[in-house]
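Notes follow once the structure below has been shown.
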Amino acid sequence: MYSIDPTHNAYLYCLPEHPMKKDASAFRYLSIKKVRKYNCFTIGETILLLYRKNKYGPSGIIGFCKVAGELTKVSELLEQEKDYCFNSSYLQLPVNELQCCISINIMDEDVLYSLPSMNNYGKFRLYTECNLINIYTSVLFALMNHSQFWFIWKTRRTELEIQQYKQLFVHLEREKIEYKRYLKLSKKVKCCQICGIEHQEFTPYALQFFEFHEMNVNLIGKYEKINYNKFIPLCANCHKIEHEQMVAQSSYDNRSFSSGFSPDRLLSGWNTEYFNKEFEL
Ligand SMILES: [Zn+2]
Ligand SMILES: [Zn+2]
């Protein structure tokens, strides 16, 4: 599964071509068109790689790599190093430890841009190739949560089912309520709005009894700002049933596992010729 170091910054980079077109060893620089207000890059920071021309499915994050040095002008690179740049007229950021998928996204682009962490504090969106933006590390946490759904993305499911699970994932991300907000919301709650089970008012530092379920929003597509008036208090059981209903049309017929399933199918060393032939990259 995808794991991260939450103490670092995180970036999102839009790839001009599939990195597997090159050998792993040749993926050494991200060519960057424009430098916005970047702080100094720190070695080891995570860069998520967004790829749009994926003919196997929707565009999305196909892998990640790590910052390996400072942003460099091409004129400062050795002549032979320029072969490792996507575009040698831009600035170059040295990277290493690339890991990526061939045909499966770590996260689809529509899901990425539906996350509260990508929208809460101003909009983050990458429009063009060879661009890099600084994103919040909370996006990396969302990515870790998303990887718990890999059994869905990795098995043969219908489009409808995948769409439902995507919505459930975004729904769960939207329902992550910080403690202070929970205190406020639960102040006057007496009972579950579905089954009516009663519980004494929530008191701080006690276990949380009620959960808050968001109603009637567009989950994927145009981001809707979170409005806590749309959250209703439910007991844990009723809340789970609501979530179950979001994926109620799961089709059992299609639930066969694809062969060779493994959550760590991200690749870091590869043979370019093989991939070119096998996947026509
Ligand atoms: Zn209930
Ligand atoms: Zn819910």
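The way I read the labels, and the way they are meant: chains A, B, ... in the order of the structure tokens, residue 1 as the first residue of every chain, and ligand 1 as the first ligand shown, with later ones counted on from there.
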
- Apply DSSP to the backbone of this structure and, from stretch 158-251 of chain A, keep only the residues in strand (DSSP E); write these as number ranges by chain. A: 211-214, 231-234

- Query: Got a sec to check which residues lie within 6 Å of ligand 1, using only C-alpha atoms and all ligand atoms, and send them as a list in words?
  - Reply: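 Residues lying within 6 Å of ligand 1: Cys192, Ile194, Cys195, Gly196, Ile197, Leu234, Cys235, Asn237 and Cys238 of chain A.
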
- Query: Of the candidates A:Leu143, A:Leu168, A:Ile104, A:Leu126, which one gets nearest to ligand 2 if we count only C-alpha atoms and all ligand atoms?
  - Reply: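 Checking each candidate against ligand 2, we get A:Leu168 as the closest.
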
Interface rows for chain A against ligand 2: nearest pair, Å to one decimal, 8 Å, only C-alpha atoms and all ligand atoms, as JSON lines:
```
{"residue": "A:His171", "atom": "CA", "partner": "ligand 2", "partner_atom_place_in_ligand_line": "1 (Zn)", "distance": 6.4}
{"residue": "A:Leu172", "atom": "CA", "partner": "ligand 2", "partner_atom_place_in_ligand_line": "1 (Zn)", "distance": 6.4}
{"residue": "A:Glu175", "atom": "CA", "partner": "ligand 2", "partner_atom_place_in_ligand_line": "1 (Zn)", "distance": 6.4}
{"residue": "A:Glu211", "atom": "CA", "partner": "ligand 2", "partner_atom_place_in_ligand_line": "1 (Zn)", "distance": 8.0}
{"residue": "A:Phe212", "atom": "CA", "partner": "ligand 2", "partner_atom_place_in_ligand_line": "1 (Zn)", "distance": 6.5}
{"residue": "A:His213", "atom": "CA", "partner": "ligand 2", "partner_atom_place_in_ligand_line": "1 (Zn)", "distance": 3.7}
{"residue": "A:Glu214", "atom": "CA", "partner": "ligand 2", "partner_atom_place_in_ligand_line": "1 (Zn)", "distance": 5.6}
{"residue": "A:Met215", "atom": "CA", "partner": "ligand 2", "partner_atom_place_in_ligand_line": "1 (Zn)", "distance": 7.9}
{"residue": "A:His239", "atom": "CA", "partner": "ligand 2", "partner_atom_place_in_ligand_line": "1 (Zn)", "distance": 5.8}
{"residue": "A:Lys240", "atom": "CA", "partner": "ligand 2", "partner_atom_place_in_ligand_line": "1 (Zn)", "distance": 7.5}
{"residue": "A:Glu242", "atom": "CA", "partner": "ligand 2", "partner_atom_place_in_ligand_line": "1 (Zn)", "distance": 6.6}
{"residue": "A:His243", "atom": "CA", "partner": "ligand 2", "partner_atom_place_in_ligand_line": "1 (Zn)", "distance": 5.9}
```

- Message: As an exercise, work out the distance from atom CA of A:Glu161 to atom CA of A:Phe275 in Å and give it to one decimal place.
- Response: 29.3 Å

- Query: Within 12 Å of A:Lys166, counting only C-alpha atoms, which residues qualify if same-chain residues fewer than 4 places away don't, as a list in words?
  - Reply: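 With the cut-off at 12 Å, the set is Met107, Asp108, Glu109, Asp110, Val111, Leu112, Ser114, Leu115, Asn145, His146, Ser147, Gln148, Phe149, Trp150, Ile152, Trp153, Glu159, Leu160, Glu161, Ile162, Val170, His171, Leu172, Glu173, Leu219, Ile220, Gly221, Met246 and Val247 of chain A.
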
Those residues you just picked out, can you put them in a file as a compact mmCIF listing (two decimals), in the first residue's frame with N, CA and C atoms?
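Contents of out10.txt, as written:
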```txt
# COMPACT_ATOMS: atom_id res chain seq x y z
N MET A 107 -4.87 7.15 -8.16
CA MET A 107 -6.13 7.86 -7.93
C MET A 107 -6.53 8.57 -9.21
N ASP A 108 -7.80 8.46 -9.59
CA ASP A 108 -8.27 9.15 -10.80
C ASP A 108 -8.29 10.66 -10.57
N GLU A 109 -8.13 11.38 -11.67
CA GLU A 109 -8.06 12.84 -11.56
C GLU A 109 -9.37 13.44 -11.05
N ASP A 110 -10.50 12.88 -11.49
CA ASP A 110 -11.79 13.45 -11.02
C ASP A 110 -11.96 13.28 -9.51
N VAL A 111 -11.45 12.16 -8.97
CA VAL A 111 -11.53 11.95 -7.52
C VAL A 111 -10.59 12.92 -6.81
N LEU A 112 -9.38 13.04 -7.34
CA LEU A 112 -8.39 13.95 -6.75
C LEU A 112 -8.97 15.35 -6.57
N SER A 114 -11.95 16.25 -6.38
CA SER A 114 -13.17 16.30 -5.57
C SER A 114 -12.86 16.26 -4.08
N LEU A 115 -11.60 16.08 -3.74
CA LEU A 115 -11.22 15.96 -2.33
C LEU A 115 -11.30 17.31 -1.61
N ASN A 145 -5.77 6.67 2.41
CA ASN A 145 -7.13 6.13 2.64
C ASN A 145 -7.67 5.50 1.37
N HIS A 146 -7.41 6.17 0.27
CA HIS A 146 -7.91 5.69 -1.01
C HIS A 146 -7.33 4.32 -1.34
N SER A 147 -6.10 4.07 -0.92
CA SER A 147 -5.46 2.80 -1.26
C SER A 147 -6.17 1.63 -0.56
N GLN A 148 -6.98 1.94 0.46
CA GLN A 148 -7.76 0.88 1.09
C GLN A 148 -8.85 0.35 0.17
N PHE A 149 -9.13 1.11 -0.88
CA PHE A 149 -10.16 0.68 -1.83
C PHE A 149 -9.54 -0.06 -3.03
N TRP A 150 -8.28 -0.35 -2.93
CA TRP A 150 -7.63 -0.95 -4.09
C TRP A 150 -8.26 -2.26 -4.51
N ILE A 152 -11.17 -2.77 -4.84
CA ILE A 152 -12.25 -2.42 -5.77
C ILE A 152 -11.66 -2.06 -7.13
N TRP A 153 -10.67 -1.19 -7.12
CA TRP A 153 -10.11 -0.72 -8.39
C TRP A 153 -9.41 -1.87 -9.12
N GLU A 159 -18.51 -0.38 -14.45
CA GLU A 159 -18.26 1.07 -14.37
C GLU A 159 -19.11 1.70 -13.28
N LEU A 160 -20.37 1.26 -13.21
CA LEU A 160 -21.31 1.82 -12.23
C LEU A 160 -20.79 1.59 -10.81
N GLU A 161 -20.33 0.37 -10.58
CA GLU A 161 -19.83 0.02 -9.26
C GLU A 161 -18.61 0.87 -8.88
N ILE A 162 -17.71 1.00 -9.82
CA ILE A 162 -16.50 1.79 -9.55
C ILE A 162 -16.89 3.22 -9.24
N VAL A 170 -15.11 9.66 -1.63
CA VAL A 170 -15.14 11.12 -1.48
C VAL A 170 -16.06 11.50 -0.32
N HIS A 171 -17.18 10.79 -0.22
CA HIS A 171 -18.12 11.01 0.90
C HIS A 171 -17.40 10.84 2.24
N LEU A 172 -16.64 9.77 2.37
CA LEU A 172 -15.93 9.50 3.64
C LEU A 172 -14.91 10.60 3.92
N GLU A 173 -14.25 11.07 2.86
CA GLU A 173 -13.28 12.14 3.05
C GLU A 173 -13.96 13.43 3.53
N LEU A 219 -20.80 14.64 -5.27
CA LEU A 219 -19.56 14.16 -4.67
C LEU A 219 -18.39 14.27 -5.62
N ILE A 220 -18.64 13.94 -6.87
CA ILE A 220 -17.55 13.99 -7.85
C ILE A 220 -17.95 14.93 -8.97
N GLY A 221 -16.98 15.68 -9.43
CA GLY A 221 -17.28 16.66 -10.46
C GLY A 221 -17.06 18.03 -9.86
N MET A 246 -24.97 3.31 -0.61
CA MET A 246 -24.31 4.07 -1.68
C MET A 246 -23.67 3.14 -2.71
N VAL A 247 -23.35 1.93 -2.28
CA VAL A 247 -22.76 0.96 -3.21
C VAL A 247 -23.67 -0.26 -3.33
```

- Message: I'd like the neighbourhood of A:Ala10 as a list in words, where a residue qualifies if any of its atoms comes within 7 Å (using only C-alpha atoms), though same-chain residues fewer than 6 positions away should be ignored.
- Response: Glu45, Thr46, Ile47, Asn134, Ile135, Tyr136 and Thr137 of chain A

- Using only C-alpha atoms, the shortest atom-to-atom distance to A:Ile106 among A:Asn9, A:Gln200, A:Ser59, A:Gln163 belongs to A:Ser59

- Residue with smallest distance to A:Leu15 - pool A:Leu267, A:Leu49, A:Ile62, A:Ala142, counting only C-alpha atoms: A:Leu49

- What is the distance, in Å and to one decimal place, between atom CA of A:Phe209 and atom CA of A:Asn120?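 Between atom CA of A:Phe209 and atom CA of A:Asn120 the gap works out to 26.8 Å.
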
- Message: Report, in Å with one decimal, the straight-line distance from atom CA of A:Tyr182 to atom CA of A:Leu140.
- Response: 23.2 Å

- Task: Find the residue from A:Tyr13, A:Tyr29, A:Tyr51, A:Tyr165 that sits nearest to A:Val74; use only C-alpha atoms when measuring.
- Result: A:Tyr29

- Query: From the set A:Thr128, A:Ser31, A:Asn54, A:Ser186, which residue has the shortest atom-to-atom contact distance to A:Pro94, counting only C-alpha atoms?
  - Reply: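 The shortest atom-to-atom distance to A:Pro94 comes from A:Ser31.
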
- If you run DSSP on the backbone, which residues of stretch 205-236 of chain A are helix (DSSP H, G or I), as a list in words?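 DSSP-assigned helix (DSSP H, G or I) residues in stretch 205-236 of chain A: Tyr228, Asn229, Lys230 and Ala236 of chain A.
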
- Between A:Ile226, A:Tyr205, A:Pro233, A:Gln164, single out the one closest to A:Lys190, counting only C-alpha atoms. A:Pro233

- Find the residues around A:Lys21 up to 10 Å (only C-alpha atoms counted), leave out those fewer than 4 positions away in its own chain, and share them as a list in words.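 Here the answer would be Glu17, Ala26, Phe27, Asn271, Thr272, Glu273, Phe275, Asn276, Glu280 and Leu281 of chain A.
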
Could those selected residues go to a file with C-alpha atoms, as a short mmCIF file (atom, residue, chain, number, x, y, z; two decimals), in the first residue's frame?
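Output below, filename result12.cif:
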```
data_model
loop_
_atom_site.label_atom_id
_atom_site.label_comp_id
_atom_site.auth_asym_id
_atom_site.auth_seq_id
_atom_site.Cartn_x
_atom_site.Cartn_y
_atom_site.Cartn_z
CA GLU A 17 4.66 11.40 -21.33
CA ALA A 26 16.50 7.60 -17.29
CA PHE A 27 13.79 9.24 -15.26
CA ASN A 271 12.66 -2.93 -18.98
CA THR A 272 11.46 -0.29 -21.40
CA GLU A 273 11.36 -2.53 -24.43
CA PHE A 275 6.63 -2.32 -21.67
CA ASN A 276 6.67 -0.63 -25.05
CA GLU A 280 2.24 0.19 -26.66
CA LEU A 281 3.09 3.17 -24.54
#
```
